[in-house]
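Chemist: What follows is the file structure.txt, containing compact mmCIF, C-alpha atoms:
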# COMPACT_ATOMS: atom_id res chain seq x y z
CA MET Y 14 -13.62 5.25 17.13
CA ARG Y 15 -12.20 6.79 13.99
CA THR Y 16 -13.38 5.53 10.65
CA PHE Y 17 -10.81 4.01 8.34
CA GLY Y 18 -10.68 2.69 4.79
CA VAL Y 19 -8.13 1.31 2.37
CA GLU Y 20 -6.99 1.27 -1.24
CA GLU Y 21 -5.49 -1.91 -2.68
CA GLU Y 22 -3.56 -2.13 -5.94
CA LEU Y 23 -3.84 -5.57 -7.57
CA LEU Y 24 -2.05 -7.19 -10.52
CA ILE Y 25 -4.09 -8.37 -13.51
CA VAL Y 26 -2.58 -11.68 -14.58
CA ASP Y 27 -2.83 -14.57 -17.01
CA PRO Y 28 -4.21 -17.40 -14.84
CA GLU Y 29 -1.95 -19.99 -16.52
CA SER Y 30 1.41 -18.30 -17.15
CA GLY Y 31 1.18 -15.68 -14.41
CA GLU Y 32 2.16 -12.96 -16.88
CA PRO Y 33 0.82 -9.46 -16.11
CA LEU Y 34 -1.84 -8.42 -18.60
CA ALA Y 35 -2.45 -4.86 -19.80
CA LEU Y 36 -6.23 -4.99 -19.44
CA ALA Y 37 -7.14 -2.31 -16.91
CA ASP Y 38 -8.80 -0.06 -19.48
CA ALA Y 39 -10.89 -2.98 -20.72
CA LEU Y 40 -11.91 -3.86 -17.17
CA LEU Y 41 -12.84 -0.32 -16.25
CA ALA Y 42 -14.33 0.97 -19.50
CA GLY Y 43 -14.77 4.62 -18.60
CA HIS Y 44 -13.67 4.84 -14.96
CA ASN Y 45 -11.32 7.66 -13.97
CA VAL Y 46 -7.90 7.42 -12.37
CA ALA Y 47 -7.80 7.09 -8.60
CA ALA Y 48 -9.02 10.26 -6.91
CA ASP Y 49 -5.95 10.80 -4.74
CA ASP Y 50 -3.66 10.80 -7.77
CA LEU Y 51 -5.57 13.50 -9.62
CA PRO Y 52 -3.99 16.96 -9.66
CA VAL Y 53 -5.98 19.58 -7.78
CA ASP Y 54 -5.90 23.33 -7.32
CA ARG Y 55 -2.79 23.77 -5.18
CA ASP Y 56 -4.37 26.80 -3.46
CA VAL Y 57 -7.31 24.77 -2.14
CA HIS Y 58 -6.35 22.91 1.02
CA HIS Y 59 -9.62 22.52 2.95
CA ILE Y 60 -10.05 18.99 4.28
CA GLY Y 61 -13.85 18.51 4.38
CA ASN Y 62 -15.86 16.64 6.92
CA GLN Y 63 -16.88 13.04 7.42
CA ALA Y 64 -19.78 13.32 4.98
CA ASP Y 65 -17.36 14.19 2.17
CA TYR Y 66 -15.58 10.88 2.76
CA ASP Y 67 -18.51 8.52 2.71
CA ASP Y 68 -19.51 7.56 -0.80
CA GLU Y 69 -16.61 5.91 -2.61
CA MET Y 70 -16.12 2.23 -3.28
CA GLY Y 71 -15.18 0.52 -6.48
CA LEU Y 72 -12.38 0.15 -9.02
CA SER Y 73 -10.09 2.66 -10.65
CA ALA Y 74 -7.09 2.88 -12.95
CA GLU Y 75 -3.49 3.30 -11.89
CA LEU Y 76 -0.23 4.20 -13.64
CA LYS Y 77 0.07 0.82 -15.35
CA LEU Y 78 -2.51 -1.06 -17.39
CA GLU Y 79 -1.46 -4.28 -15.65
CA GLN Y 80 -2.88 -3.12 -12.32
CA ILE Y 81 -6.23 -2.09 -10.93
CA GLU Y 82 -7.08 -0.36 -7.67
CA THR Y 83 -9.93 -1.16 -5.28
CA GLN Y 84 -11.27 1.23 -2.64
CA THR Y 85 -13.37 0.53 0.42
CA ARG Y 86 -15.86 2.81 2.09
CA PRO Y 87 -15.03 4.10 5.58
CA CYS Y 88 -15.54 1.47 8.28
CA LEU Y 89 -15.58 1.38 12.05
CA GLU Y 90 -14.38 -2.15 12.76
CA TYR Y 91 -12.05 -4.85 11.51
CA GLY Y 92 -14.80 -7.24 10.43
CA SER Y 93 -16.55 -4.69 8.23
CA LEU Y 94 -13.27 -3.62 6.65
CA LEU Y 95 -12.23 -7.21 5.97
CA GLU Y 96 -15.58 -7.85 4.31
CA GLN Y 97 -15.13 -4.81 2.06
CA ILE Y 98 -11.54 -5.74 1.17
CA ARG Y 99 -12.76 -9.16 0.09
CA ALA Y 100 -15.67 -7.60 -1.80
CA GLY Y 101 -13.26 -5.31 -3.65
CA ARG Y 102 -11.05 -8.23 -4.61
CA ALA Y 103 -14.10 -10.16 -5.81
CA LEU Y 104 -15.29 -7.17 -7.85
CA ALA Y 105 -11.89 -6.80 -9.52
CA ASP Y 106 -11.58 -10.54 -10.15
CA GLN Y 107 -15.03 -10.80 -11.68
CA ALA Y 108 -14.19 -7.94 -14.04
CA ALA Y 109 -10.90 -9.66 -14.94
CA ARG Y 110 -12.52 -13.05 -15.54
CA LYS Y 111 -14.76 -11.53 -18.20
CA HIS Y 112 -11.56 -11.07 -20.21
CA GLY Y 113 -9.96 -14.40 -19.33
CA ALA Y 114 -7.72 -12.92 -16.65
CA ARG Y 115 -7.50 -12.99 -12.84
CA VAL Y 116 -6.22 -10.61 -10.16
CA ALA Y 117 -3.46 -11.31 -7.64
CA ALA Y 118 -2.43 -9.36 -4.54
CA LEU Y 119 1.26 -9.23 -5.42
CA ALA Y 120 3.32 -6.10 -4.81
CA THR Y 121 5.61 -6.81 -7.79
CA SER Y 122 5.35 -9.22 -10.69
CA PRO Y 123 7.29 -12.48 -10.23
CA VAL Y 124 7.01 -13.12 -13.99
CA ALA Y 125 9.13 -11.01 -16.34
CA SER Y 126 7.01 -8.91 -18.69
CA PRO Y 127 7.03 -5.39 -20.15
CA SER Y 128 4.50 -3.03 -18.60
CA HIS Y 129 2.24 -0.54 -20.36
CA THR Y 130 1.34 2.93 -19.15
CA THR Y 131 -2.32 3.83 -18.84
CA PRO Y 132 -3.25 6.14 -21.75
CA ASP Y 133 -3.69 9.43 -19.93
CA PRO Y 134 -1.98 12.79 -20.63
CA ARG Y 135 -0.71 13.10 -17.07
CA TYR Y 136 0.76 9.61 -17.07
CA ALA Y 137 2.35 10.30 -20.46
CA ARG Y 138 4.05 13.37 -18.98
CA MET Y 139 5.25 11.30 -16.03
CA LEU Y 140 6.74 8.74 -18.41
CA GLU Y 141 8.54 11.48 -20.36
CA ARG Y 142 9.73 13.28 -17.23
CA PHE Y 143 10.84 10.31 -15.11
CA GLY Y 144 12.00 7.84 -17.74
CA LEU Y 145 12.88 4.36 -16.52
CA THR Y 146 11.53 5.04 -13.02
CA ALA Y 147 8.03 5.50 -14.45
CA GLN Y 148 8.51 2.86 -17.14
CA GLU Y 149 9.34 0.16 -14.59
CA GLN Y 150 6.88 1.25 -11.91
CA LEU Y 151 4.61 -1.78 -11.93
CA THR Y 152 4.28 -1.97 -8.16
CA CYS Y 153 1.22 -2.55 -6.00
CA GLY Y 154 0.85 -0.82 -2.66
CA PHE Y 155 -1.68 -0.73 0.15
CA HIS Y 156 -2.83 2.66 1.44
CA VAL Y 157 -4.73 3.17 4.69
CA HIS Y 158 -6.89 6.27 5.26
CA THR Y 159 -7.80 7.19 8.84
CA TYR Y 160 -10.20 9.98 9.71
CA ILE Y 161 -8.89 13.19 11.30
CA GLU Y 162 -10.83 16.16 12.63
CA SER Y 163 -8.59 18.87 11.17
CA PRO Y 164 -5.41 19.45 9.16
CA GLU Y 165 -3.71 20.53 12.37
CA GLU Y 166 -4.48 17.18 13.97
CA GLY Y 167 -3.34 15.45 10.80
CA VAL Y 168 0.09 17.11 10.83
CA ALA Y 169 0.50 16.32 14.53
CA VAL Y 170 -0.20 12.68 13.68
CA LEU Y 171 2.29 12.66 10.80
CA ASP Y 172 4.98 13.99 13.14
CA ARG Y 173 4.34 11.26 15.73
CA ILE Y 174 3.95 8.12 13.59
CA ARG Y 175 6.92 8.57 11.26
CA ASP Y 176 9.34 6.59 13.46
CA LYS Y 177 7.12 3.48 13.54
CA LEU Y 178 6.04 3.08 9.91
CA ALA Y 179 8.90 0.78 8.89
CA VAL Y 180 7.38 -1.97 11.06
CA LEU Y 181 4.31 -1.92 8.79
CA THR Y 182 6.56 -2.38 5.76
CA ALA Y 183 8.04 -5.48 7.39
CA LEU Y 184 4.66 -6.95 8.37
CA SER Y 185 3.24 -6.44 4.87
CA ALA Y 186 6.34 -7.49 2.87
CA ASN Y 187 5.07 -9.22 -0.27
CA SER Y 188 7.52 -8.60 -3.12
CA PRO Y 189 10.57 -10.90 -3.08
CA PHE Y 190 10.65 -11.30 -6.89
CA TRP Y 191 11.01 -8.73 -9.66
CA ASN Y 192 10.53 -9.60 -13.32
CA GLY Y 193 11.71 -13.19 -13.06
CA VAL Y 194 14.54 -12.57 -10.59
CA PRO Y 195 14.81 -13.27 -6.84
CA THR Y 196 15.72 -9.85 -5.44
CA GLY Y 197 17.17 -10.70 -2.04
CA PHE Y 198 14.57 -8.35 -0.53
CA GLU Y 199 11.32 -9.09 1.27
CA SER Y 200 9.70 -5.89 -0.04
CA TYR Y 201 11.40 -4.99 -3.29
CA ARG Y 202 8.43 -2.75 -4.05
CA THR Y 203 9.80 -0.40 -1.38
CA GLN Y 204 13.11 -0.20 -3.25
CA ALA Y 205 11.46 0.42 -6.61
CA TRP Y 206 8.96 2.90 -5.20
CA ASN Y 207 11.57 4.96 -3.39
CA ARG Y 208 13.15 5.96 -6.70
CA TRP Y 209 10.49 8.66 -6.98
CA PRO Y 210 11.95 12.01 -5.81
CA THR Y 211 9.36 12.59 -3.05
CA ALA Y 212 8.97 8.99 -1.82
CA GLY Y 213 10.05 7.87 1.62
CA PRO Y 214 10.01 9.29 5.15
CA ALA Y 215 9.67 13.00 5.81
CA GLY Y 216 10.79 15.38 8.54
CA ILE Y 217 8.84 16.87 11.43
CA TYR Y 218 6.52 19.69 10.36
CA SER Y 219 5.19 20.91 13.74
CA THR Y 220 2.29 22.90 12.23
CA TYR Y 221 -0.08 22.69 9.29
CA PRO Y 222 1.24 25.96 7.74
CA ALA Y 223 4.73 24.48 7.91
CA TYR Y 224 3.48 21.33 6.14
CA ARG Y 225 1.96 23.48 3.41
CA ARG Y 226 5.21 25.45 3.06
CA VAL Y 227 7.13 22.20 2.51
CA VAL Y 228 4.59 21.13 -0.12
CA THR Y 229 4.76 24.51 -1.85
CA ARG Y 230 8.55 24.54 -1.91
CA LEU Y 231 8.63 21.03 -3.36
CA LEU Y 232 6.21 22.07 -6.08
CA ASP Y 233 8.23 25.21 -6.77
CA THR Y 234 11.28 23.11 -7.60
CA GLY Y 235 9.54 22.02 -10.80
CA VAL Y 236 10.70 18.43 -10.26
CA MET Y 237 7.18 17.08 -9.73
CA LEU Y 238 4.31 17.55 -12.13
CA ASP Y 239 1.72 18.31 -9.44
CA GLU Y 240 0.73 17.71 -5.83
CA GLY Y 241 -0.52 14.23 -6.67
CA MET Y 242 3.14 13.23 -6.90
CA LEU Y 243 3.84 13.87 -3.20
CA TYR Y 244 4.63 10.25 -2.39
CA PHE Y 245 5.58 10.60 1.28
CA ASP Y 246 5.34 7.51 3.50
CA ALA Y 247 2.39 9.28 5.10
CA ARG Y 248 0.58 12.41 4.00
CA LEU Y 249 -2.62 14.37 4.37
CA SER Y 250 -5.13 13.26 1.78
CA ARG Y 251 -6.16 16.10 -0.49
CA ASN Y 252 -9.59 14.64 -1.18
CA HIS Y 253 -10.64 13.17 2.17
CA PRO Y 254 -10.39 14.27 5.84
CA THR Y 255 -7.77 11.60 6.47
CA VAL Y 256 -4.16 10.79 7.12
CA GLU Y 257 -3.00 8.39 4.40
CA VAL Y 258 -0.29 5.87 5.32
CA ARG Y 259 1.38 4.47 2.19
CA VAL Y 260 4.31 2.28 3.29
CA ALA Y 261 2.76 -1.19 2.99
CA ASP Y 262 2.96 -3.68 0.16
CA VAL Y 263 -0.41 -4.93 -0.97
CA CYS Y 264 -0.96 -7.91 1.32
CA LEU Y 265 -1.38 -11.39 -0.12
CA ARG Y 266 -4.01 -12.26 2.50
CA ALA Y 267 -7.05 -10.05 2.99
CA GLU Y 268 -7.00 -10.62 6.75
CA ASP Y 269 -3.43 -9.30 6.94
CA ALA Y 270 -4.51 -6.20 5.04
CA ALA Y 271 -7.30 -5.54 7.52
CA LEU Y 272 -4.84 -6.10 10.39
CA ILE Y 273 -2.41 -3.51 8.98
CA ALA Y 274 -5.30 -1.05 8.78
CA VAL Y 275 -6.21 -1.71 12.43
CA LEU Y 276 -2.61 -1.00 13.46
CA VAL Y 277 -2.56 2.20 11.40
CA ARG Y 278 -5.78 3.46 12.99
CA ALA Y 279 -4.35 2.76 16.44
CA LEU Y 280 -1.18 4.63 15.47
CA VAL Y 281 -3.21 7.64 14.40
CA GLU Y 282 -5.29 7.65 17.57
CA SER Y 283 -2.24 7.17 19.81
CA ALA Y 284 -0.42 10.00 18.05
CA SER Y 285 -3.40 12.31 18.38
CA ARG Y 286 -3.60 11.62 22.11
CA GLU Y 287 0.10 12.37 22.50
CA TRP Y 288 -0.38 15.66 20.66
CA ARG Y 289 -3.33 16.63 22.84
CA GLY Y 290 -1.28 15.66 25.89
CA ASP Y 291 1.61 17.92 24.77
CA VAL Y 292 3.94 14.98 24.14
CA ASP Y 293 6.54 16.05 21.59
CA PRO Y 294 7.30 13.83 18.58
CA ALA Y 295 10.44 11.72 18.81
CA PRO Y 296 13.23 13.80 17.17
CA VAL Y 297 14.48 10.96 14.98
CA PRO Y 298 16.60 12.19 12.02
CA THR Y 299 15.02 11.41 8.67
CA VAL Y 300 18.21 9.64 7.58
CA LEU Y 301 17.65 7.07 10.38
CA LEU Y 302 14.09 6.56 9.19
CA ARG Y 303 15.44 5.81 5.73
CA MET Y 304 17.75 3.22 7.27
CA ALA Y 305 14.80 1.64 9.11
CA SER Y 306 12.74 1.57 5.90
CA TRP Y 307 15.59 -0.04 3.96
CA GLN Y 308 16.13 -2.65 6.67
CA ALA Y 309 12.42 -3.50 6.75
CA SER Y 310 12.42 -3.81 2.97
CA SER Y 311 15.45 -6.09 3.11
CA GLU Y 312 14.55 -8.31 6.06
CA GLY Y 313 10.78 -8.21 6.51
CA LEU Y 314 10.17 -10.43 9.53
CA SER Y 315 12.92 -12.89 8.63
CA GLY Y 316 15.84 -11.18 10.34
CA GLU Y 317 16.39 -7.97 12.26
CA LEU Y 318 14.63 -4.61 12.15
CA LEU Y 319 15.70 -1.30 13.63
CA ASP Y 320 13.85 -0.96 16.93
CA PHE Y 321 11.74 2.22 16.81
CA GLY Y 322 12.76 3.05 20.39
CA ASN Y 323 16.53 3.25 19.89
CA PHE Y 324 17.05 2.48 16.15
CA ARG Y 325 19.43 -0.37 16.84
CA PRO Y 326 18.99 -3.86 15.37
CA ALA Y 327 16.67 -6.25 17.16
CA PRO Y 328 14.86 -9.46 16.17
CA ALA Y 329 12.08 -8.52 13.76
CA ALA Y 330 9.43 -10.50 15.62
CA ASP Y 331 10.25 -8.64 18.85
CA VAL Y 332 9.99 -5.27 17.13
CA ALA Y 333 6.61 -6.21 15.62
CA ARG Y 334 5.36 -7.29 19.06
CA SER Y 335 6.71 -4.05 20.54
CA LEU Y 336 4.55 -2.06 18.14
CA VAL Y 337 1.45 -3.85 19.43
CA ASP Y 338 2.60 -3.23 23.01
CA TYR Y 339 3.00 0.47 22.26
CA LEU Y 340 -0.51 0.60 20.77
CA ALA Y 341 -2.05 -1.62 23.47
CA PRO Y 342 -3.91 1.12 25.41
CA VAL Y 343 -5.80 2.26 22.31
CA LEU Y 344 -6.26 -1.24 20.92
CA GLU Y 345 -7.65 -2.51 24.22
CA GLU Y 346 -10.02 0.43 24.53
CA GLN Y 347 -11.29 -0.27 21.01
CA GLY Y 348 -11.66 -4.00 21.62
CA GLU Y 349 -8.91 -4.90 19.14
CA LEU Y 350 -5.92 -5.84 21.31
CA ALA Y 351 -6.47 -9.61 21.21
CA LEU Y 352 -7.15 -9.41 17.47
CA ALA Y 353 -3.96 -7.42 16.86
CA ARG Y 354 -1.78 -9.72 18.95
CA ARG Y 355 -3.21 -12.81 17.27
CA GLY Y 356 -2.85 -11.29 13.80
CA VAL Y 357 0.79 -10.31 14.31
CA GLU Y 358 1.60 -13.73 15.81
CA ASP Y 359 -0.05 -15.40 12.81
CA ILE Y 360 2.19 -13.48 10.40
CA ILE Y 361 5.28 -14.25 12.50
CA ALA Y 362 4.40 -17.96 12.57
CA ARG Y 363 3.57 -18.51 8.87
CA GLY Y 364 5.67 -15.73 7.41
CA THR Y 365 4.77 -12.70 5.32
CA GLY Y 366 3.46 -12.79 1.77
CA ALA Y 367 7.09 -12.79 0.63
CA ALA Y 368 7.71 -16.02 2.54
CA GLU Y 369 4.57 -17.58 1.08
CA GLN Y 370 5.69 -16.66 -2.43
CA ARG Y 371 9.09 -18.26 -1.91
CA ARG Y 372 7.51 -21.44 -0.56
CA ALA Y 373 5.29 -21.68 -3.64
CA ARG Y 374 8.32 -21.35 -5.90
CA ASP Y 375 10.38 -23.85 -3.91
CA LYS Y 376 7.55 -26.36 -4.24
CA ALA Y 377 7.42 -25.82 -8.01
CA LEU Y 378 11.20 -26.28 -8.26
CA ALA Y 379 11.16 -29.50 -6.21
CA GLY Y 380 10.07 -31.50 -9.27
CA PRO Y 381 11.31 -31.29 -12.88
CA PRO Y 382 12.51 -27.70 -13.40
CA PRO Y 383 9.70 -25.70 -15.07
CA GLU Y 384 10.55 -23.47 -18.02
CA ASP Y 385 9.39 -20.40 -16.12
CA MET Y 386 11.65 -21.19 -13.13
CA GLY Y 387 8.61 -21.59 -10.89
CA PHE Y 388 7.38 -18.03 -11.11
CA GLY Y 389 4.13 -18.99 -12.83
CA ALA Y 390 3.34 -21.26 -9.88
CA VAL Y 391 3.93 -18.34 -7.53
CA VAL Y 392 1.29 -16.28 -9.32
CA ARG Y 393 -1.20 -19.13 -9.54
CA GLN Y 394 -0.90 -19.72 -5.80
CA ALA Y 395 -1.22 -15.97 -5.20
CA VAL Y 396 -4.47 -15.82 -7.17
CA TYR Y 397 -5.87 -18.58 -4.97
CA VAL Y 398 -4.78 -16.93 -1.70
CA THR Y 399 -5.90 -13.47 -2.88
CA MET Y 400 -9.43 -14.68 -3.49
CA ARG Y 401 -9.75 -17.06 -0.55
CA GLY Y 402 -12.86 -16.13 1.41
CA SER Y 403 -13.93 -13.61 -1.23
CA LEU Y 404 -16.37 -15.60 -3.36
CA ASP Y 405 -17.36 -19.06 -4.48
CA LEU Y 406 -15.43 -19.50 -7.72
CA ALA Y 407 -17.91 -22.14 -8.87
CA GLU Y 408 -20.54 -19.43 -9.10
CA VAL Y 409 -18.55 -17.42 -11.65
CA GLU Y 410 -19.44 -18.11 -15.27
CA THR Y 411 -16.92 -19.72 -17.60
CA THR Y 412 -14.43 -17.16 -18.86
CA PRO Y 413 -13.79 -16.38 -22.53
CA GLU Y 414 -10.56 -16.81 -24.42
CA LEU Y 415 -7.78 -14.60 -23.11
CA LEU Y 416 -7.57 -11.25 -24.86
CA ARG Y 417 -4.28 -10.56 -26.58
CA VAL Y 418 -2.06 -8.14 -24.68
CA ARG Y 419 -1.08 -5.01 -26.58
CA GLN Y 420 2.61 -4.80 -27.38
CA ALA Y 421 2.89 -1.05 -27.87
Let's see the structure in the file written out as structure tokens.

Modeler:
Amino acid sequence: MRTFGVEEELLIVDPESGEPLALADALLAGHNVAADDLPVDRDVHHIGNQADYDDEMGLSAELKLEQIETQTRPCLEYGSLLEQIRAGRALADQAARKHGARVAALATSPVASPSHTTPDPRYARMLERFGLTAQEQLTCGFHVHTYIESPEEGVAVLDRIRDKLAVLTALSANSPFWNGVPTGFESYRTQAWNRWPTAGPAGIYSTYPAYRRVVTRLLDTGVMLDEGMLYFDARLSRNHPTVEVRVADVCLRAEDAALIAVLVRALVESASREWRGDVDPAPVPTVLLRMASWQASSEGLSGELLDFGNFRPAPAADVARSLVDYLAPVLEEQGELALARRGVEDIIARGTGAAEQRRARDKALAGPPPEDMGFGAVVRQAVYVTMRGSLDLAEVETTPELLRVRQA
């Protein structure tokens, strides 16, 4: 079985008002930005071996001071990964509580608040170069890394999973609100994120040299600052021997996050087997993939998705089940088929994180209308669900007075 690991971006929030708090630098006190966002020598493309990918777990900074990222170590099974996801959430929450804050697995902020860019020269250049896109980019994603044996295998995988990634967006949808406004989307993070010039689905590369030529030509345009800004839906990691799938919202529930990772690993393994069996990638035009991504962002599991077999509308639940059916041979071999079916059915039955957020707001609005229009209640409920199963809150020491958020 391939090893896999994840990165989760979490919001740092006021536990009472739900307002995002610009405290990441205080929480981290000396940590560096996430490794996969650091610029590297563009002429160095060697993807190391498993040993190079075995020693990272902890917290790191992201673009905005209102968010913090957790990373797991590589795992072999769902249970171990779930345990590490919960441990990462507990680690981040304990750091936040020392400053009177909490963390919440929300892909966008329900509560309206200005965001603050992490003080870093590269991030300052991004803010200057990309204006409002960077200024407003307080979004939290979920990235899954799955081990590959070579860059050639990695590119073959990218070519063969691209038509199925929108289903993961739908399953993980967890951003129906944006700065105090219902958006009409299940995953508004996808809409906000896709404003970056390199975000979204990519074409078929066929070979690793062709992948590198695409990367080089994109860099030569001068639009991006560096290779760290290649924000494809899926890409080769520059720092680990992995394929990195980046389409998911951060999941409200830790068990849903681990499920998404299981599905991604099965996608990677299935794609690799197709490549080794000389099965060509489906020649789906990139413009159709963009349509599928948009539809998944709009509907989540609440309406229709574009079926990845014919790219025509079909009930979202059926499309999600079809993905598990497609992956069934690998999932069964790895002892994960029953887990995957049960996990997908659980999400279909209770709804995605977006549905849970709306229910929390509807409950808050059922009584006397709150001044914050119920968005504070959404965040408070999200904090509870984020941390459920992660730690005994009674064991955490009393938190100090909330630090004042910087205004400039």

Chemist: Looking at all atoms listed in the file, which of Y:Cys88, Y:Ala341, Y:Ala118, Y:Ala284 is the one that sits closest to Leu171 (chain Y)?

Modeler: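 Counting all atoms listed in the file, the residue closest to Leu171 (chain Y) is Y:Ala284.
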
Chemist: Which is closest to Ser219 (chain Y) among Y:Trp288, Y:Trp206, Y:Phe324, Y:Phe17, if we use only C-alpha atoms?

Modeler: Y:Trp288

Chemist: Edge lengths and centre in Å to one decimal, as JSON, is what I'm after for the box along x, y and z that holds all listed atoms of region 259-269 of chain Y once 3 Å is added on each side.

Modeler:
{"center_x": -1.4, "center_y": -3.9, "center_z": 3.0, "size_x": 17.4, "size_y": 22.7, "size_z": 13.9}

Chemist: Identify, on the basis of all atoms listed in the file, every residue whose closest approach to Ala368 (chain Y) does not exceed 12 Å; exclude the query and any residue fewer than 2 positions from it along the same chain; express the result as an NGL selection string.

Modeler: :Y and (183-190 or 197-200 or 264-265 or 312-315 or 360-366 or 370-375 or 391 or 395)

Chemist: With C-alpha atoms retained, could you export that selection as a JSON list (two decimals), in the frame of the given file?

Modeler:
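Once written, out_19.json looks like this:
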[["chain", "number", "residue", "atom", "x", "y", "z"],
["Y", 183, "ALA", "CA", 8.04, -5.48, 7.39],
["Y", 184, "LEU", "CA", 4.66, -6.95, 8.37],
["Y", 185, "SER", "CA", 3.24, -6.44, 4.87],
["Y", 186, "ALA", "CA", 6.34, -7.49, 2.87],
["Y", 187, "ASN", "CA", 5.07, -9.22, -0.27],
["Y", 188, "SER", "CA", 7.52, -8.60, -3.12],
["Y", 189, "PRO", "CA", 10.57, -10.90, -3.08],
["Y", 190, "PHE", "CA", 10.65, -11.30, -6.89],
["Y", 197, "GLY", "CA", 17.17, -10.70, -2.04],
["Y", 198, "PHE", "CA", 14.57, -8.35, -0.53],
["Y", 199, "GLU", "CA", 11.32, -9.09, 1.27],
["Y", 200, "SER", "CA", 9.70, -5.89, -0.04],
["Y", 264, "CYS", "CA", -0.96, -7.91, 1.32],
["Y", 265, "LEU", "CA", -1.38, -11.39, -0.12],
["Y", 312, "GLU", "CA", 14.55, -8.31, 6.06],
["Y", 313, "GLY", "CA", 10.78, -8.21, 6.51],
["Y", 314, "LEU", "CA", 10.17, -10.43, 9.53],
["Y", 315, "SER", "CA", 12.92, -12.89, 8.63],
["Y", 360, "ILE", "CA", 2.19, -13.48, 10.40],
["Y", 361, "ILE", "CA", 5.28, -14.25, 12.50],
["Y", 362, "ALA", "CA", 4.40, -17.96, 12.57],
["Y", 363, "ARG", "CA", 3.57, -18.51, 8.87],
["Y", 364, "GLY", "CA", 5.67, -15.73, 7.41],
["Y", 365, "THR", "CA", 4.77, -12.70, 5.32],
["Y", 366, "GLY", "CA", 3.46, -12.79, 1.77],
["Y", 370, "GLN", "CA", 5.69, -16.66, -2.43],
["Y", 371, "ARG", "CA", 9.09, -18.26, -1.91],
["Y", 372, "ARG", "CA", 7.51, -21.44, -0.56],
["Y", 373, "ALA", "CA", 5.29, -21.68, -3.64],
["Y", 374, "ARG", "CA", 8.32, -21.35, -5.90],
["Y", 375, "ASP", "CA", 10.38, -23.85, -3.91],
["Y", 391, "VAL", "CA", 3.93, -18.34, -7.53],
["Y", 395, "ALA", "CA", -1.22, -15.97, -5.20]]

Chemist: Distance table requested - region 115-151 of chain Y against region 233-240 of chain Y, cut-off 12 Å, only C-alpha atoms: one row per qualifying residue with the closest atom pair and its distance in Å to one decimal, ordered by chain and rising residue number, as CSV.

Modeler:
residue,atom,partner,partner_atom,distance
Y:Pro134,CA,Y:Leu238,CA,11.6
Y:Arg135,CA,Y:Leu238,CA,8.3
Y:Tyr136,CA,Y:Leu238,CA,10.0
Y:Ala137,CA,Y:Leu238,CA,11.2
Y:Arg138,CA,Y:Leu238,CA,8.0
Y:Met139,CA,Y:Leu238,CA,7.4
Y:Leu140,CA,Y:Leu238,CA,11.1
Y:Glu141,CA,Y:Leu238,CA,11.1
Y:Arg142,CA,Y:Leu238,CA,8.6
Y:Phe143,CA,Y:Met237,CA,9.4

Chemist: Considering only C-alpha atoms, return as a list in words whatever protein or nucleic-acid residues lie within 7 Å of Leu78 (chain Y), sequence-local ones (same chain, fewer than 6 positions apart) excluded.

Modeler: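 The residues that qualify are Ala35, Leu36, Ala37, Asp38, His129, Thr130 and Thr131 of chain Y.
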
Chemist: I need the residue nearest Glu21 (chain Y) from this list: Y:Thr255, Y:Gln84, Y:Ser310, Y:Thr399. Use only C-alpha atoms for the distance.

Modeler: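 Of Y:Thr255, Y:Gln84, Y:Ser310, Y:Thr399, the one nearest Glu21 (chain Y) is Y:Gln84, counting only C-alpha atoms.
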
Chemist: Got a sec: who's within 12 Å of Gly193 (chain Y), counting only C-alpha atoms, leaving out chain neighbours fewer than 6 positions off, as a PyMOL selection string?

Modeler: chain Y and resi 31-33+121-127+374+384-389+391-392

Chemist: For a quick check of understanding, using all atoms listed in the file, which of Y:Ala109, Y:Leu378, Y:Val292, Y:Ala333 has the smallest distance to Leu40 (chain Y)?

Modeler: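 Among the listed residues, the smallest separation from Leu40 (chain Y) belongs to Y:Ala109.
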